[in-house]
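Below: upload.pdb (PDB, C-alpha atoms)
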ATOM      1  CA  MET A   1      -6.552 -14.516  -3.433
ATOM      2  CA  ARG A   2      -6.201 -17.738  -5.373
ATOM      3  CA  CYS A   3      -8.059 -16.284  -8.363
ATOM      4  CA  LEU A   4      -5.784 -13.232  -8.315
ATOM      5  CA  ALA A   5      -2.699 -15.444  -8.229
ATOM      6  CA  VAL A   6      -3.988 -17.497 -11.169
ATOM      7  CA  ARG A   7      -4.737 -14.326 -13.145
ATOM      8  CA  PHE A   8      -1.294 -12.898 -12.393
ATOM      9  CA  LEU A   9       0.510 -16.103 -13.347
ATOM     10  CA  GLY A  10      -1.523 -16.176 -16.536
ATOM     11  CA  SER A  11      -0.229 -12.693 -17.396
ATOM     12  CA  LEU A  12       3.356 -14.025 -17.295
ATOM     13  CA  GLY A  13       2.732 -16.406 -20.158
ATOM     14  CA  PRO A  14       1.561 -19.930 -20.921
ATOM     15  CA  PRO A  15       2.124 -22.724 -18.359
ATOM     16  CA  SER A  16       4.985 -24.204 -20.408
ATOM     17  CA  ARG A  17       6.881 -20.909 -20.188
ATOM     18  CA  LEU A  18       6.255 -20.678 -16.455
ATOM     19  CA  ARG A  19       7.606 -24.194 -15.992
ATOM     20  CA  ARG A  20      10.741 -23.321 -17.946
ATOM     21  CA  MET A  21      11.254 -20.142 -15.938
ATOM     22  CA  THR A  22      10.803 -22.003 -12.656
ATOM     23  CA  LEU A  23      13.164 -24.776 -13.694
ATOM     24  CA  ALA A  24      15.781 -22.282 -14.903
ATOM     25  CA  GLY A  25      15.623 -20.311 -11.641
ATOM     26  CA  THR A  26      15.936 -23.489  -9.574
ATOM     27  CA  VAL A  27      18.929 -24.718 -11.582
ATOM     28  CA  VAL A  28      20.737 -21.353 -11.566
ATOM     29  CA  TYR A  29      20.345 -20.788  -7.832
ATOM     30  CA  GLY A  30      21.119 -24.431  -7.086
ATOM     31  CA  LEU A  31      24.426 -24.088  -8.946
ATOM     32  CA  LEU A  32      25.037 -20.748  -7.217
ATOM     33  CA  ILE A  33      24.634 -22.328  -3.782
ATOM     34  CA  VAL A  34      26.974 -25.174  -4.706
ATOM     35  CA  ALA A  35      29.563 -22.719  -6.066
ATOM     36  CA  ILE A  36      29.461 -20.605  -2.897
ATOM     37  CA  ILE A  37      29.998 -23.673  -0.712
ATOM     38  CA  VAL A  38      32.869 -24.979  -2.870
ATOM     39  CA  LEU A  39      34.606 -21.590  -3.017
ATOM     40  CA  PHE A  40      34.360 -21.179   0.753
ATOM     41  CA  ILE A  41      35.894 -24.618   1.285
ATOM     42  CA  LEU A  42      38.752 -23.840  -1.116
ATOM     43  CA  ALA A  43      39.453 -20.381   0.318
ATOM     44  CA  ASP A  44      42.018 -19.633   3.000
ATOM     45  CA  ALA A  45      39.598 -18.085   5.522
ATOM     46  CA  ASP A  46      40.871 -19.097   8.950
ATOM     47  CA  THR A  47      39.978 -15.846  10.731
ATOM     48  CA  GLU A  48      36.373 -15.448  11.826
ATOM     49  CA  ARG A  49      34.971 -12.057  10.820
ATOM     50  CA  LEU A  50      31.415 -11.509  12.040
ATOM     51  CA  ARG A  51      30.991  -7.893  10.885
ATOM     52  CA  ASP A  52      33.419  -7.230   8.040
ATOM     53  CA  LEU A  53      33.808 -10.556   6.236
ATOM     54  CA  ASP A  54      33.073  -8.942   2.845
ATOM     55  CA  THR A  55      35.762  -6.288   3.019
ATOM     56  CA  TYR A  56      38.292  -8.253   5.070
ATOM     57  CA  TYR A  57      38.413 -11.048   2.494
ATOM     58  CA  ALA A  58      37.729  -8.845  -0.554
ATOM     59  CA  ASN A  59      41.163  -9.633  -2.036
ATOM     60  CA  THR A  60      41.488 -13.245  -0.841
ATOM     61  CA  PRO A  61      41.410 -15.833  -3.661
ATOM     62  CA  CYS A  62      38.214 -17.917  -3.785
ATOM     63  CA  MET A  63      36.671 -15.808  -0.989
ATOM     64  CA  ARG A  64      36.672 -12.866  -3.385
ATOM     65  CA  GLU A  65      34.732 -14.869  -5.959
ATOM     66  CA  MET A  66      32.396 -16.232  -3.288
ATOM     67  CA  ILE A  67      31.577 -12.715  -2.078
ATOM     68  CA  VAL A  68      30.874 -11.565  -5.627
ATOM     69  CA  LEU A  69      28.630 -14.549  -6.280
ATOM     70  CA  TYR A  70      26.504 -14.095  -3.176
ATOM     71  CA  LEU A  71      26.139 -10.326  -3.765
ATOM     72  CA  VAL A  72      25.172 -10.871  -7.425
ATOM     73  CA  GLY A  73      22.773 -13.679  -6.528
ATOM     74  CA  HIS A  74      21.165 -11.650  -3.755
ATOM     75  CA  GLY A  75      20.840  -8.572  -5.976
ATOM     76  CA  ALA A  76      19.326 -10.516  -8.864
ATOM     77  CA  CYS A  77      16.781 -12.163  -6.560
ATOM     78  CA  THR A  78      15.827  -8.775  -5.082
ATOM     79  CA  LEU A  79      15.376  -7.210  -8.525
ATOM     80  CA  VAL A  80      13.239 -10.080  -9.789
ATOM     81  CA  MET A  81      11.076  -9.965  -6.686
ATOM     82  CA  GLY A  82      10.634  -6.202  -7.095
ATOM     83  CA  VAL A  83       9.565  -6.582 -10.736
ATOM     84  CA  VAL A  84       7.082  -9.304  -9.800
ATOM     85  CA  CYS A  85       5.603  -7.102  -7.039
ATOM     86  CA  LEU A  86       5.318  -4.085  -9.367
ATOM     87  CA  ARG A  87       3.548  -6.166 -12.021
ATOM     88  CA  TRP A  88       1.209  -7.718  -9.505
ATOM     89  CA  MET A  89       0.316  -4.310  -8.067
ATOM     90  CA  ARG A  90      -1.515  -3.566 -11.312
ATOM     91  CA  GLU A  91      -3.721  -6.628 -10.819
ATOM     92  CA  VAL A  92      -4.862  -6.155  -7.208
ATOM     93  CA  THR A  93      -6.377  -3.568  -4.874
ATOM     94  CA  GLY A  94      -6.878  -2.971  -1.165
ATOM     95  CA  PRO A  95      -4.607  -4.433   1.518
ATOM     96  CA  LEU A  96      -2.841  -6.709  -0.963
ATOM     97  CA  ARG A  97      -1.707  -3.749  -3.058
ATOM     98  CA  THR A  98      -0.624  -1.902   0.085
ATOM     99  CA  GLY A  99       1.335  -4.968   1.173
ATOM    100  CA  LEU A 100       3.070  -5.156  -2.210
ATOM    101  CA  ARG A 101       3.995  -1.476  -1.962
ATOM    102  CA  LEU A 102       5.543  -2.064   1.443
ATOM    103  CA  ILE A 103       7.523  -4.993   0.060
ATOM    104  CA  VAL A 104       8.794  -2.828  -2.814
ATOM    105  CA  VAL A 105       9.882  -0.136  -0.326
ATOM    106  CA  GLY A 106      11.691  -2.790   1.680
ATOM    107  CA  LEU A 107      13.412  -4.081  -1.464
ATOM    108  CA  VAL A 108      14.585  -0.564  -2.316
ATOM    109  CA  PHE A 109      16.151  -0.297   1.149
ATOM    110  CA  ASP A 110      17.742  -3.688   0.528
ATOM    111  CA  LEU A 111      19.179  -2.749  -2.853
ATOM    112  CA  VAL A 112      20.424   0.706  -1.905
ATOM    113  CA  GLY A 113      21.330   0.263   1.739
ATOM    114  CA  PHE A 114      22.705  -3.278   1.592
ATOM    115  CA  GLU A 115      23.546  -4.366  -1.945
ATOM    116  CA  LEU A 116      24.950  -1.078  -3.234
ATOM    117  CA  ALA A 117      26.758  -0.317   0.029
ATOM    118  CA  LYS A 118      28.378  -3.764   0.158
ATOM    119  CA  ILE A 119      29.448  -3.679  -3.494
ATOM    120  CA  THR A 120      30.884  -0.182  -3.115
ATOM    121  CA  ALA A 121      32.884  -1.196  -0.044
ATOM    122  CA  VAL A 122      34.225  -4.343  -1.739
ATOM    123  CA  VAL A 123      35.181  -2.517  -4.959
ATOM    124  CA  ALA A 124      36.901   0.157  -2.861
ATOM    125  CA  ARG A 125      39.030  -2.583  -1.281
ATOM    126  CA  TRP A 126      39.949  -3.843  -4.734
ATOM    127  CA  LEU A 127      41.115  -0.322  -5.664
ATOM    128  CA  GLY A 128      43.109   0.100  -2.466
ATOM    129  CA  HIS A 129      40.659   2.389  -0.614
ATOM    130  CA  ASP A 130      38.900   1.937   2.734
ATOM    131  CA  LEU A 131      35.122   2.424   2.678
ATOM    132  CA  ASP A 132      34.436  -0.399   5.114
ATOM    133  CA  PHE A 133      31.941   1.729   7.080
ATOM    134  CA  LEU A 134      29.473   1.304   4.214
ATOM    135  CA  SER A 135      29.467  -2.453   4.794
ATOM    136  CA  THR A 136      29.844  -2.577   8.585
ATOM    137  CA  THR A 137      28.038   0.568   9.807
ATOM    138  CA  LEU A 138      25.554   1.639   7.112
ATOM    139  CA  ALA A 139      24.328  -1.641   5.588
ATOM    140  CA  PRO A 140      23.112  -3.524   8.721
ATOM    141  CA  PRO A 141      20.638  -0.903  10.056
ATOM    142  CA  VAL A 142      19.353   0.027   6.596
ATOM    143  CA  VAL A 143      18.709  -3.579   5.597
ATOM    144  CA  SER A 144      17.000  -4.100   8.969
ATOM    145  CA  VAL A 145      14.579  -1.280   8.137
ATOM    146  CA  GLY A 146      14.001  -2.889   4.753
ATOM    147  CA  ALA A 147      13.287  -6.216   6.425
ATOM    148  CA  LEU A 148      10.654  -4.518   8.617
ATOM    149  CA  PHE A 149       8.925  -3.088   5.543
ATOM    150  CA  CYS A 150       9.006  -6.454   3.765
ATOM    151  CA  SER A 151       7.683  -8.257   6.841
ATOM    152  CA  ALA A 152       4.865  -5.720   7.179
ATOM    153  CA  GLY A 153       4.091  -6.139   3.480
ATOM    154  CA  PHE A 154       3.784  -9.904   3.842
ATOM    155  CA  MET A 155       1.711  -9.752   7.047
ATOM    156  CA  LEU A 156      -0.635  -6.868   6.207
ATOM    157  CA  PRO A 157      -2.810  -8.655   3.590
ATOM    158  CA  ARG A 158      -3.099 -11.656   5.902
ATOM    159  CA  LEU A 159      -3.829  -9.855   9.170
ATOM    160  CA  LEU A 160      -5.627  -6.638   8.192
ATOM    161  CA  PRO A 161      -8.861  -8.100   6.689
ATOM    162  CA  PRO A 162      -9.587 -10.296   9.766
ATOM    163  CA  ALA A 163      -8.757  -7.358  12.056
ATOM    164  CA  ILE A 164     -11.194  -5.114  10.147
ATOM    165  CA  THR A 165     -13.839  -7.864  10.252
ATOM    166  CA  HIS A 166     -13.554  -8.258  14.018
ATOM    167  CA  TRP A 167     -13.543  -4.481  14.576
ATOM    168  CA  ARG A 168     -16.722  -4.081  12.515
ATOM    169  CA  SER A 169     -18.253  -7.076  14.281
ATOM    170  CA  LEU A 170     -17.529  -5.445  17.634
ATOM    171  CA  ASP A 171     -19.226  -2.237  16.468
ATOM    172  CA  ASP A 172     -22.235  -4.136  15.063
ATOM    173  CA  TYR A 173     -22.522  -6.140  18.298
ATOM    174  CA  ARG A 174     -22.778  -2.884  20.254
ATOM    175  CA  ARG A 175     -25.282  -1.350  17.807
ATOM    176  CA  LEU A 176     -27.530  -4.419  17.980
ATOM    177  CA  THR A 177     -27.984  -3.981  21.747
ATOM    178  CA  PRO A 178     -31.338  -2.065  21.509
ATOM    179  CA  LEU A 179     -32.789  -4.788  19.278
ATOM    180  CA  TRP A 180     -31.612  -7.593  21.534
ATOM    181  CA  LEU A 181     -32.975  -5.859  24.644
ATOM    182  CA  GLU A 182     -36.326  -5.547  22.878
ATOM    183  CA  VAL A 183     -36.689  -9.205  21.897
ATOM    184  CA  ARG A 184     -34.341 -11.277  24.069
ATOM    185  CA  TRP A 185     -37.100 -12.589  26.309
ATOM    186  CA  ALA A 186     -38.775 -14.147  23.228
ATOM    187  CA  ALA A 187     -35.706 -16.120  22.098
ATOM    188  CA  THR A 188     -35.987 -19.884  22.539
ATOM    189  CA  THR A 189     -32.335 -20.737  21.870
ATOM    190  CA  PRO A 190     -30.195 -21.515  24.926
ATOM    191  CA  LYS A 191     -28.952 -18.260  26.407
ATOM    192  CA  LEU A 192     -25.257 -19.140  26.565
ATOM    193  CA  GLU A 193     -22.933 -16.368  27.632
ATOM    194  CA  PRO A 194     -19.977 -15.967  25.226
ATOM    195  CA  SER A 195     -16.613 -17.068  26.545
ATOM    196  CA  TRP A 196     -14.072 -14.369  27.337
ATOM    197  CA  TRP A 197     -11.785 -15.708  24.609
ATOM    198  CA  GLU A 198     -14.462 -15.761  21.904
ATOM    199  CA  LEU A 199     -13.647 -13.445  19.009
ATOM    200  CA  PRO A 200     -16.001 -10.529  18.187
ATOM    201  CA  HIS A 201     -17.142 -12.059  14.888
ATOM    202  CA  ALA A 202     -18.195 -15.285  16.624
ATOM    203  CA  ARG A 203     -20.014 -13.267  19.319
ATOM    204  CA  LEU A 204     -21.874 -11.327  16.637
ATOM    205  CA  GLN A 205     -22.922 -14.516  14.844
ATOM    206  CA  ARG A 206     -24.225 -15.978  18.102
ATOM    207  CA  LEU A 207     -26.192 -12.787  18.813
ATOM    208  CA  GLU A 208     -27.673 -12.720  15.312
ATOM    209  CA  VAL A 209     -28.880 -16.316  15.652
ATOM    210  CA  SER A 210     -30.586 -15.479  18.940
ATOM    211  CA  ILE A 211     -32.190 -12.332  17.491
ATOM    212  CA  HIS A 212     -33.526 -14.167  14.441
ATOM    213  CA  ASP A 213     -34.922 -16.858  16.710
ATOM    214  CA  ALA A 214     -36.738 -14.215  18.780
ATOM    215  CA  LEU A 215     -38.062 -12.489  15.655
ATOM    216  CA  LEU A 216     -39.413 -15.802  14.410
ATOM    217  CA  ALA A 217     -41.234 -16.284  17.724
ATOM    218  CA  LEU A 218     -42.746 -12.784  17.464
ATOM    219  CA  THR A 219     -43.896 -13.126  13.843
ATOM    220  CA  PRO A 220     -47.440 -14.371  14.691
ATOM    221  CA  HIS A 221     -47.948 -11.150  16.712
ATOM    222  CA  PHE A 222     -47.040  -8.746  13.893
ATOM    223  CA  ASP A 223     -49.825  -6.273  13.098
ATOM    224  CA  ASP A 224     -49.696  -5.003   9.512
ATOM    225  CA  HIS A 225     -52.023  -2.127  10.468
ATOM    226  CA  VAL A 226     -49.331  -0.792  12.799
ATOM    227  CA  ARG A 227     -46.789  -1.069  10.001
ATOM    228  CA  ARG A 228     -48.964   0.844   7.510
ATOM    229  CA  ILE A 229     -49.797   3.638   9.957
ATOM    230  CA  SER A 230     -46.151   3.982  11.023
ATOM    231  CA  LEU A 231     -45.024   3.999   7.388
ATOM    232  CA  ALA A 232     -47.401   6.816   6.537
ATOM    233  CA  THR A 233     -46.312   8.774   9.612
ATOM    234  CA  ALA A 234     -42.619   8.397   8.791
ATOM    235  CA  LEU A 235     -43.152   9.470   5.192
ATOM    236  CA  HIS A 236     -45.145  12.468   6.385
ATOM    237  CA  GLU A 237     -42.208  13.446   8.606
ATOM    238  CA  GLY A 238     -39.950  13.611   5.534
ATOM    239  CA  LYS A 239     -38.178  10.266   5.773
ATOM    240  CA  THR A 240     -36.986   8.544   2.596
ATOM    241  CA  PRO A 241     -38.957   5.467   1.492
ATOM    242  CA  ARG A 242     -36.141   3.209   2.695
ATOM    243  CA  GLU A 243     -35.923   4.915   6.112
ATOM    244  CA  ALA A 244     -39.699   4.963   6.458
ATOM    245  CA  ARG A 245     -39.940   1.226   5.754
ATOM    246  CA  VAL A 246     -37.324   0.428   8.394
ATOM    247  CA  ILE A 247     -39.115   2.666  10.929
ATOM    248  CA  ALA A 248     -42.465   1.069  10.116
ATOM    249  CA  GLU A 249     -41.177  -2.454  10.632
ATOM    250  CA  ALA A 250     -39.357  -1.462  13.809
ATOM    251  CA  ALA A 251     -42.653  -0.026  15.078
ATOM    252  CA  MET A 252     -44.445  -3.251  14.139
ATOM    253  CA  LEU A 253     -41.814  -5.214  16.053
ATOM    254  CA  ALA A 254     -42.089  -2.985  19.123
ATOM    255  CA  ASP A 255     -45.864  -3.326  19.040
ATOM    256  CA  ALA A 256     -45.597  -7.125  18.773
ATOM    257  CA  ALA A 257     -43.290  -7.208  21.788
ATOM    258  CA  ARG A 258     -45.760  -5.038  23.727
ATOM    259  CA  HIS A 259     -48.669  -7.195  22.623
ATOM    260  CA  VAL A 260     -47.021 -10.419  23.774
ATOM    261  CA  ASP A 261     -46.057  -8.878  27.104
ATOM    262  CA  SER A 262     -49.589  -7.666  27.791
ATOM    263  CA  PRO A 263     -52.255  -9.867  29.475
ATOM    264  CA  GLY A 264     -54.126 -11.991  26.960
ATOM    265  CA  GLY A 265     -51.684 -11.227  24.192
ATOM    266  CA  ALA A 266     -52.733 -14.012  21.863
ATOM    267  CA  PRO A 267     -51.222 -14.280  18.358
ATOM    268  CA  LEU A 268     -52.918 -12.113  15.769
ATOM    269  CA  GLY A 269     -52.661 -14.767  13.079
ATOM    270  CA  ALA A 270     -50.453 -12.637  10.845
ATOM    271  CA  SER A 271     -50.379 -13.545   7.182
ATOM    272  CA  ARG A 272     -47.305 -14.959   5.514
ATOM    273  CA  ASP A 273     -46.601 -11.541   3.954
ATOM    274  CA  CYS A 274     -46.521  -9.813   7.320
ATOM    275  CA  ARG A 275     -42.820 -10.093   8.005
ATOM    276  CA  LEU A 276     -39.717  -7.946   8.358
ATOM    277  CA  ARG A 277     -38.829  -7.239   4.754
ATOM    278  CA  THR A 278     -35.951  -4.939   5.726
ATOM    279  CA  LEU A 279     -33.931  -8.044   6.582
ATOM    280  CA  ASP A 280     -34.265  -9.627   3.138
ATOM    281  CA  GLY A 281     -30.783 -10.165   1.775
ATOM    282  CA  LEU A 282     -29.178  -7.623   4.105
ATOM    283  CA  GLY A 283     -28.088  -9.809   7.002
ATOM    284  CA  THR A 284     -26.313  -7.849   9.731
ATOM    285  CA  ARG A 285     -26.897  -4.510   8.031
ATOM    286  CA  GLY A 286     -30.672  -4.950   8.146
ATOM    287  CA  LEU A 287     -30.596  -5.901  11.827
ATOM    288  CA  VAL A 288     -28.449  -2.867  12.645
ATOM    289  CA  GLU A 289     -30.841  -0.531  10.826
ATOM    290  CA  LEU A 290     -33.752  -2.064  12.715
ATOM    291  CA  ALA A 291     -31.910  -1.714  16.026
ATOM    292  CA  GLN A 292     -31.094   1.944  15.391
ATOM    293  CA  GLU A 293     -34.706   2.862  14.768
ATOM    294  CA  LEU A 294     -35.844   0.889  17.805
ATOM    295  CA  GLY A 295     -33.613   3.051  19.951
ATOM    296  CA  GLN A 296     -34.213   6.502  18.473
ATOM    297  CA  SER A 297     -37.409   6.816  16.391
ATOM    298  CA  PRO A 298     -40.393   8.601  18.027
ATOM    299  CA  VAL A 299     -42.711   6.603  15.743
ATOM    300  CA  VAL A 300     -41.349   3.394  17.260
ATOM    301  CA  ALA A 301     -41.697   4.871  20.737
ATOM    302  CA  ALA A 302     -45.359   5.547  20.017
ATOM    303  CA  ALA A 303     -45.879   1.945  18.889
ATOM    304  CA  ARG A 304     -44.157   0.707  22.045
ATOM    305  CA  GLN A 305     -46.630   2.749  24.075
ATOM    306  CA  GLY A 306     -49.551   1.211  22.173
ATOM    307  CA  SER A 307     -50.849   4.475  20.703
ATOM    308  CA  VAL A 308     -50.550   3.261  17.084
ATOM    309  CA  ALA A 309     -52.488   0.052  17.785
ATOM    310  CA  ALA A 310     -55.113   2.052  19.659
ATOM    311  CA  SER A 311     -55.777   4.203  16.586
ATOM    312  CA  ARG A 312     -57.057   1.082  14.866
ATOM    313  CA  GLU A 313     -60.122   1.028  17.016
TER     314      GLU A 313
END
Give the structure from the file, written as structure tokens.
Amino acid sequence: MRCLAVRFLGSLGPPSRLRRMTLAGTVVYGLLIVAIIVLFILADADTERLRDLDTYYANTPCMREMIVLYLVGHGACTLVMGVVCLRWMREVTGPLRTGLRLIVVGLVFDLVGFELAKITAVVARWLGHDLDFLSTTLAPPVVSVGALFCSAGFMLPRLLPPAITHWRSLDDYRRLTPLWLEVRWAATTPKLEPSWWELPHARLQRLEVSIHDALLALTPHFDDHVRRISLATALHEGKTPREARVIAEAAMLADAARHVDSPGGAPLGASRDCRLRTLDGLGTRGLVELAQELGQSPVVAAARQGSVAASRE
């Protein structure tokens, strides 16, 4: 996000120009605020009007100028913000672009349903007509809808990525169940139950640590012969090389778990190269692939029964 902001600001011009633009905007709106306050103090506005202040005081000296100033200032700010969002949309993708689109939609509601309606009603008062409903009946609900769009646009890029992360973590946590059931007895880390308030991503990280710990404990029992036989079998069944490798290593893992659980299951003294290569650089994805094959592959089921190891004899 920070890199995108820096790139976008760079597209607006050199830092000196940005400083001048920022200073000019601050000065102009500072003077605007002061002018609105002064005009309100000078105006004869003794009657409180909560809904129709704009049209009720449209022809009152000083109040008339104050109303024009705040409508012009609000409209200019909305237009500038819309231009900035449209320019930034070309620089970003994903939820941030969607959020900017929602903000632009909200600004359109603001300009058309609030700004244009208010100005039309005030000008109608100047010309002796009564279009107050545009200001009192139409503008409030339309600008409220625009505010909802703008709020959603601001919140979406902040809330959607974490929500997607936790949803995927919840799905991965469920898919890792076969792998954890296969190796959990070998884990040496403390078996702490997750708290009810713990987020799915934290639960998944805790489960992955425990699984890796169990896999490390099972490594001395890995039998490369089981892996090679299972790999050949999977390839013969028409699996892709990637699928066959995952199946072969899942079978080797199932055989190691069976070997440890059997009487006299001493370590086989596996070499340093006899490891689960499917996990290299893949993290959660590799564990999920391993877990899926542990739960569904007939080759793995055969290794769990010991038939692959027996063919070595």
Give one line per residue of stretch 60-97 of chain A that approaches stretch 155-171 of chain A to at most 10 Å, naming the two atoms of the closest pair and their distance in Å to one decimal, counting all atoms listed in the file; sort by chain then ascending residue number and deliver it as a Markdown table.
| residue | atom | partner | partner_atom | distance |
| --- | --- | --- | --- | --- |
| A:Gly94 | CA | A:Pro157 | CA | 8.5 |
| A:Pro95 | CA | A:Pro157 | CA | 5.0 |
| A:Leu96 | CA | A:Pro157 | CA | 5.0 |
| A:Arg97 | CA | A:Pro157 | CA | 8.3 |
Near-A:Ala35 list (10 Å; only C-alpha atoms; drop same-chain fewer than 4 positions) as number ranges by chain = A: 29-31, 39-41, 65-66, 69-70
query = Which neighbours of A:Leu42 fall inside 9 Å, counting all atoms listed in the file, when residues of the same chain fewer than 2 positions from it are skipped, and could you give them as a ChimeraX atom specification?
reply = /A:37-40,44-45,61-63
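Neighbours of A:Arg258 closer than or equal to 8 Å, with all atoms listed in the file counted and sequence neighbours fewer than 5 positions away skipped, come out as Arg304, Gln305 and Gly306 of chain A.
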remark   = Students should find that atom CA of A:Asp172 and atom CA of A:Gly153 are spaced 28.8 Å
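Shortest separation to A:Leu53 among A:Leu179, A:Ile229, A:Ser135, A:Glu243 occurs at residue A:Ser135, atoms counted being all atoms listed in the file.
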Please evaluate the PyMOL selection byres ((chain A and resi 209) around 12) against the structure above and give the resulting residues as a CSV table (one decimal) with C-alpha atoms, in the coordinates of the input.
chain,number,residue,atom,x,y,z
A,180,TRP,CA,-31.6,-7.6,21.5
A,184,ARG,CA,-34.3,-11.3,24.1
A,187,ALA,CA,-35.7,-16.1,22.1
A,188,THR,CA,-36.0,-19.9,22.5
A,189,THR,CA,-32.3,-20.7,21.9
A,190,PRO,CA,-30.2,-21.5,24.9
A,191,LYS,CA,-29.0,-18.3,26.4
A,192,LEU,CA,-25.3,-19.1,26.6
A,202,ALA,CA,-18.2,-15.3,16.6
A,203,ARG,CA,-20.0,-13.3,19.3
A,204,LEU,CA,-21.9,-11.3,16.6
A,205,GLN,CA,-22.9,-14.5,14.8
A,206,ARG,CA,-24.2,-16.0,18.1
A,207,LEU,CA,-26.2,-12.8,18.8
A,208,GLU,CA,-27.7,-12.7,15.3
A,210,SER,CA,-30.6,-15.5,18.9
A,211,ILE,CA,-32.2,-12.3,17.5
A,212,HIS,CA,-33.5,-14.2,14.4
A,213,ASP,CA,-34.9,-16.9,16.7
A,214,ALA,CA,-36.7,-14.2,18.8
A,215,LEU,CA,-38.1,-12.5,15.7
A,216,LEU,CA,-39.4,-15.8,14.4
A,283,GLY,CA,-28.1,-9.8,7.0
A,284,THR,CA,-26.3,-7.8,9.7
A,287,LEU,CA,-30.6,-5.9,11.8
remark   = The distance between atom CA of A:Glu91 and atom CA of A:Arg19 is 21.5 Å
Please write the residues picked by the PyMOL selection byres ((chain A and resi 126-128) around 12) on this file as an mmCIF file with C-alpha atoms, keeping the file's coordinate frame.
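Result file part.cif:
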data_model
loop_
_atom_site.group_PDB
_atom_site.id
_atom_site.type_symbol
_atom_site.label_atom_id
_atom_site.label_comp_id
_atom_site.auth_asym_id
_atom_site.auth_seq_id
_atom_site.Cartn_x
_atom_site.Cartn_y
_atom_site.Cartn_z
ATOM 1 C CA ASP A 54 33.073 -8.942 2.845
ATOM 2 C CA THR A 55 35.762 -6.288 3.019
ATOM 3 C CA TYR A 56 38.292 -8.253 5.070
ATOM 4 C CA TYR A 57 38.413 -11.048 2.494
ATOM 5 C CA ALA A 58 37.729 -8.845 -0.554
ATOM 6 C CA ASN A 59 41.163 -9.633 -2.036
ATOM 7 C CA THR A 60 41.488 -13.245 -0.841
ATOM 8 C CA ARG A 64 36.672 -12.866 -3.385
ATOM 9 C CA VAL A 68 30.874 -11.565 -5.627
ATOM 10 C CA ILE A 119 29.448 -3.679 -3.494
ATOM 11 C CA THR A 120 30.884 -0.182 -3.115
ATOM 12 C CA ALA A 121 32.884 -1.196 -0.044
ATOM 13 C CA VAL A 122 34.225 -4.343 -1.739
ATOM 14 C CA VAL A 123 35.181 -2.517 -4.959
ATOM 15 C CA ALA A 124 36.901 0.157 -2.861
ATOM 16 C CA ARG A 125 39.030 -2.583 -1.281
ATOM 17 C CA HIS A 129 40.659 2.389 -0.614
ATOM 18 C CA ASP A 130 38.900 1.937 2.734
ATOM 19 C CA LEU A 131 35.122 2.424 2.678
ATOM 20 C CA ASP A 132 34.436 -0.399 5.114
#
